[in-house]
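Q: Got a structure for you, questions after.
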Amino acid sequence: MIGRGASFAVDAQKAFNSNFKFTYCVGTPGFSSINVTYEGSGSGAGIKSMQIRTDTPRFAGTDDPPSSAEVALINSGGVEQAGKVVADTDESNDGKVHVFPIAVGSVAPLVNFPDGCDPELLADKWSTIPNSELPGKKALLRVRFTKKLYEEVWSGSKNTKWSDAFPELAGDADCEIGITRVVRFDQSGTSFAFKDYLDTIDPGEGWKTTYATTGANLTRDWPNATFGPRDDCGNKNGTAEAGVDPSGPGSDLDATDHLTSGCANGNGELVKKLVAVDGSIGYSDVATARNASPTLAVNPAGAGAPTTPYWTQVQNGSIAVGSADETNGLGFSEPTADASGFTTTGQKGSNCLAAQFTNVPTTSFGDWSKTSGVNSPTGYGICTLTYALAFDDNAEVWGASPEEEAKARTVKDYEDSILSDAAQGALFGADYARLPDAILATAREDVAEIGWDKAHSGEEEKPVEKPEEKGKENPPPPPPSNLFSFRKSVKNGKGKVSVELPGAGKLSVLGTAKANGKKVTVLNTVVNASSADTFDLTVKPKGAAKAALKEKGKLLVSLKLTFTPTGGTASTKNSSVTLKVPKQK
């Protein structure tokens, strides 16, 4: 049985498939012969596969939830004419599609910093990120953009040179190159979520309209960029006759619009192109970026400035555009829950457990196209839901043959397994996050409605009890997450530690320093959290520690942070912050 769609969800689908075949189906007659294949061809390809009745997939994935017009076309069935799908005239294949979330993921900003350009020329607030927490190692440097600057660069209004975006780079010849935007070649849900974030920065640019839903090429269109024949792509995408160049976003490495793409679908192709283009920026799901070859994860055993492309941070919704906090470099957060998740030794898991989603429908038949998790005041700044599309009754759409019945029942079981506690619990290890409880409950109710040949059964099909579950209670939910993240800053002789917690629990923070050869306490506090939230703690030396800071001009404060989630096990992280005596004006 085949599914097709979002490349963003490929690694999530791998985790789901493994759980389905080796856990969920075990004990079911013939389970060893069950096979589900997911083709990560892009969200646009997934939606299209559900619209055209002659296509092979029986379920689809997308990060760009279909609009009401797209849902209507899925329900009525369509045919392709001149590259567009239009409604067919056959009413016998009409159906009703469910659109329901299956996982949460983060879209990471990617950077291929110019070769030879010295990142240490950047101001600390644009380059220094949380310490790698490896004793004796220098903090790694990754460039990061304020919200306003990031939107300006992506709109094409400030990307002539890296030194235009960061004036402190001026004078370094290796920094005097353009910032090339690397984008998806195909219609993409990852692009949609990324533009959703940019739209919160400047809604007037048309990120969610002109360049996502109303333009001639939908998410493939970008501001201040061309769209047309790509001489470099040739026939690689398989969509044109031999010798005819397929059209795509931008051009190949030219300085006309500072925008280009790979020549095939998927986030993997975007990452490959980014690695090949010096001085470029891009975006991708974390799982694809981490597993890319060559890898984008920074090796913490190296020097301060990474020599390979990497992913970096964005500011979340706690920071307003144009505010002092924005220009002072506050509010940056990692795509991964582990503050060192960007390193090759970092833990996996999307930093979206605390993300707040807006405009959430109460049913799978509602309008999910307006649902958003970007720019949340808590958690990472670009979190998005990824969805599955499945028909309420496949018999209505593809006929009531025994072959179709087998496919339909596999779809039902597979989608049911995706929303199980076991499958949702496996998402963190695949660089995603489980669905919020309320959204998960809605999705489970909707999947339970999927049946087979309902019109002739006399009643809607009820969920089938699997053999191994008879007489047993539902499995207990996974333990509460103890993964937390934090960021540090120093200003006017004081330190600030902002800790993001995934849920209710107790946070204890101990800060110590050496003064006159003795260990003294600088910070010792306990925070009792009632829910997921961000807590700001001040590191302000007093007494002997304050005297040592004044005498030496700086003071190294060792930090020990321990979070114990309610009903869970404790997790501890060690770090440090260096306080400095403010310079006299």
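So you can find residues: chains in the structure tokens are A, B, ... in the order shown, residues in each start at 1, and ligands are numbered from 1 in order.
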Extract the full set of strand (DSSP E) residues from range 337-461 of chain A according to DSSP on the backbone, and format it as a PyMOL selection string.

A: chain A and resi 373-374+382-391

Q: So that I have them on file, write out the residues from the current selection with N, CA and C atoms, as an mmCIF file, in the first residue's frame.

A:
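Now in part-v4.cif:
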data_model
loop_
_atom_site.group_PDB
_atom_site.id
_atom_site.type_symbol
_atom_site.label_atom_id
_atom_site.label_comp_id
_atom_site.auth_asym_id
_atom_site.auth_seq_id
_atom_site.Cartn_x
_atom_site.Cartn_y
_atom_site.Cartn_z
ATOM 1 N N GLY A 373 1.457 27.375 13.797
ATOM 2 C CA GLY A 373 2.237 27.239 15.027
ATOM 3 C C GLY A 373 3.500 28.081 15.002
ATOM 4 N N VAL A 374 3.609 28.990 14.001
ATOM 5 C CA VAL A 374 4.808 29.825 13.899
ATOM 6 C C VAL A 374 4.700 31.042 14.813
ATOM 7 N N ILE A 382 9.477 28.460 14.463
ATOM 8 C CA ILE A 382 8.842 27.950 13.241
ATOM 9 C C ILE A 382 8.460 26.497 13.457
ATOM 10 N N CYS A 383 7.348 26.277 14.172
ATOM 11 C CA CYS A 383 6.810 24.939 14.383
ATOM 12 C C CYS A 383 5.592 24.762 13.482
ATOM 13 N N THR A 384 5.449 23.584 12.934
ATOM 14 C CA THR A 384 4.338 23.337 12.022
ATOM 15 C C THR A 384 3.796 21.926 12.211
ATOM 16 N N LEU A 385 2.506 21.780 11.963
ATOM 17 C CA LEU A 385 1.890 20.464 11.950
ATOM 18 C C LEU A 385 2.125 19.823 10.589
ATOM 19 N N THR A 386 2.256 18.522 10.561
ATOM 20 C CA THR A 386 2.257 17.802 9.302
ATOM 21 C C THR A 386 1.047 16.877 9.328
ATOM 22 N N TYR A 387 0.387 16.713 8.182
ATOM 23 C CA TYR A 387 -0.944 16.112 8.128
ATOM 24 C C TYR A 387 -0.977 14.846 7.276
ATOM 25 N N ALA A 388 -2.023 14.057 7.498
ATOM 26 C CA ALA A 388 -2.356 12.933 6.631
ATOM 27 C C ALA A 388 -3.704 13.208 5.975
ATOM 28 N N LEU A 389 -3.862 12.711 4.763
ATOM 29 C CA LEU A 389 -5.127 12.811 4.034
ATOM 30 C C LEU A 389 -5.608 11.384 3.762
ATOM 31 N N ALA A 390 -6.823 11.081 4.153
ATOM 32 C CA ALA A 390 -7.383 9.750 3.917
ATOM 33 C C ALA A 390 -8.886 9.877 3.725
ATOM 34 N N PHE A 391 -9.442 9.100 2.824
ATOM 35 C CA PHE A 391 -10.876 9.169 2.551
ATOM 36 C C PHE A 391 -11.688 8.485 3.640
#

Q: List as a VMD selection string the protein and nucleic acid residues near Ala289 in chain A, meaning an atom at most 10 Å away when only C-alpha atoms are counted, but skip any in the same chain fewer than 4 places from it.

A: chain A and resid 107 to 110 267 to 268 270 to 272 283 to 285 293 to 297 309 to 311 342

Q: Pull N, CA and C atoms from the residues just selected and write them as a PDB file, in the first residue's frame.

A:
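As a result, again-v3.pdb now contains:
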ATOM      1  N   VAL A 107      10.957  23.877  11.321  1.00  0.00           N
ATOM      2  CA  VAL A 107      11.649  24.255  10.093  1.00  0.00           C
ATOM      3  C   VAL A 107      12.898  25.032  10.498  1.00  0.00           C
ATOM      4  N   ALA A 108      14.058  24.511  10.159  1.00  0.00           N
ATOM      5  CA  ALA A 108      15.324  25.105  10.582  1.00  0.00           C
ATOM      6  C   ALA A 108      15.898  26.018   9.510  1.00  0.00           C
ATOM      7  N   PRO A 109      16.382  27.206   9.878  1.00  0.00           N
ATOM      8  CA  PRO A 109      17.084  28.067   8.926  1.00  0.00           C
ATOM      9  C   PRO A 109      18.494  27.538   8.680  1.00  0.00           C
ATOM     10  N   LEU A 110      18.884  27.420   7.424  1.00  0.00           N
ATOM     11  CA  LEU A 110      20.188  26.868   7.059  1.00  0.00           C
ATOM     12  C   LEU A 110      21.121  27.969   6.580  1.00  0.00           C
ATOM     13  N   ASN A 267      13.086  18.385   0.365  1.00  0.00           N
ATOM     14  CA  ASN A 267      14.037  19.154   1.175  1.00  0.00           C
ATOM     15  C   ASN A 267      15.466  18.675   0.985  1.00  0.00           C
ATOM     16  N   GLY A 268      15.637  17.383   0.687  1.00  0.00           N
ATOM     17  CA  GLY A 268      16.982  16.865   0.476  1.00  0.00           C
ATOM     18  C   GLY A 268      17.681  17.542  -0.684  1.00  0.00           C
ATOM     19  N   LEU A 270      17.058  20.595  -1.727  1.00  0.00           N
ATOM     20  CA  LEU A 270      17.377  21.960  -1.284  1.00  0.00           C
ATOM     21  C   LEU A 270      18.688  21.956  -0.496  1.00  0.00           C
ATOM     22  N   VAL A 271      18.836  21.003   0.419  1.00  0.00           N
ATOM     23  CA  VAL A 271      20.048  20.940   1.240  1.00  0.00           C
ATOM     24  C   VAL A 271      21.284  20.714   0.369  1.00  0.00           C
ATOM     25  N   LYS A 272      21.184  19.817  -0.609  1.00  0.00           N
ATOM     26  CA  LYS A 272      22.319  19.565  -1.507  1.00  0.00           C
ATOM     27  C   LYS A 272      22.723  20.836  -2.242  1.00  0.00           C
ATOM     28  N   TYR A 283      16.335  26.581   4.099  1.00  0.00           N
ATOM     29  CA  TYR A 283      15.460  26.112   5.169  1.00  0.00           C
ATOM     30  C   TYR A 283      15.137  24.638   4.924  1.00  0.00           C
ATOM     31  N   SER A 284      14.868  23.903   6.002  1.00  0.00           N
ATOM     32  CA  SER A 284      14.560  22.475   5.876  1.00  0.00           C
ATOM     33  C   SER A 284      14.033  21.967   7.202  1.00  0.00           C
ATOM     34  N   ASP A 285      13.348  20.833   7.171  1.00  0.00           N
ATOM     35  CA  ASP A 285      13.042  20.154   8.424  1.00  0.00           C
ATOM     36  C   ASP A 285      14.351  19.682   9.042  1.00  0.00           C
ATOM     37  N   SER A 293      23.986  14.691   3.553  1.00  0.00           N
ATOM     38  CA  SER A 293      25.370  14.303   3.260  1.00  0.00           C
ATOM     39  C   SER A 293      25.957  15.288   2.245  1.00  0.00           C
ATOM     40  N   PRO A 294      26.984  16.082   2.616  1.00  0.00           N
ATOM     41  CA  PRO A 294      27.612  16.115   3.932  1.00  0.00           C
ATOM     42  C   PRO A 294      26.684  16.692   4.981  1.00  0.00           C
ATOM     43  N   THR A 295      26.919  16.310   6.230  1.00  0.00           N
ATOM     44  CA  THR A 295      26.032  16.700   7.308  1.00  0.00           C
ATOM     45  C   THR A 295      26.061  18.207   7.545  1.00  0.00           C
ATOM     46  N   LEU A 296      24.928  18.761   8.000  1.00  0.00           N
ATOM     47  CA  LEU A 296      24.867  20.174   8.359  1.00  0.00           C
ATOM     48  C   LEU A 296      25.103  20.375   9.847  1.00  0.00           C
ATOM     49  N   ALA A 297      25.100  19.296  10.626  1.00  0.00           N
ATOM     50  CA  ALA A 297      25.333  19.435  12.050  1.00  0.00           C
ATOM     51  C   ALA A 297      26.792  19.802  12.307  1.00  0.00           C
ATOM     52  N   PRO A 309      28.422  23.929   6.409  1.00  0.00           N
ATOM     53  CA  PRO A 309      27.096  24.544   6.558  1.00  0.00           C
ATOM     54  C   PRO A 309      26.399  24.013   7.809  1.00  0.00           C
ATOM     55  N   TYR A 310      25.460  24.774   8.330  1.00  0.00           N
ATOM     56  CA  TYR A 310      24.816  24.416   9.589  1.00  0.00           C
ATOM     57  C   TYR A 310      23.406  24.982   9.623  1.00  0.00           C
ATOM     58  N   TRP A 311      22.637  24.537  10.632  1.00  0.00           N
ATOM     59  CA  TRP A 311      21.375  25.236  10.875  1.00  0.00           C
ATOM     60  C   TRP A 311      21.558  26.152  12.068  1.00  0.00           C
ATOM     61  N   PHE A 342      22.179  20.840  17.690  1.00  0.00           N
ATOM     62  CA  PHE A 342      22.750  21.102  16.366  1.00  0.00           C
ATOM     63  C   PHE A 342      24.094  20.399  16.178  1.00  0.00           C
TER      64      PHE A 342
END

Q: Using only C-alpha atoms, which of the listed residues (A:Ala337, A:Arg487, A:Thr562, A:Gly553) sits closest to Val509 in chain A?

A: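 For Val509 in chain A, the nearest of the given residues is A:Thr562.
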
Q: Need to verify the contact set: range 358-364 of chain A, 12 Å, only C-alpha atoms, exclusion of same-chain residues closer than 6 positions in sequence. Can you return it as a PyMOL selection string?

A: chain A and resi 65-66+71+96-102+370-377+383-385+387-392+436+438-450

Q: Please determine, counting only C-alpha atoms, which residue among A:Arg434, A:Ala123, A:Asp533, A:Asp453 has the shortest atom-to-atom distance to Ser401 in chain A.

A: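 That would be A:Asp453, the residue with the smallest distance to Ser401 in chain A.
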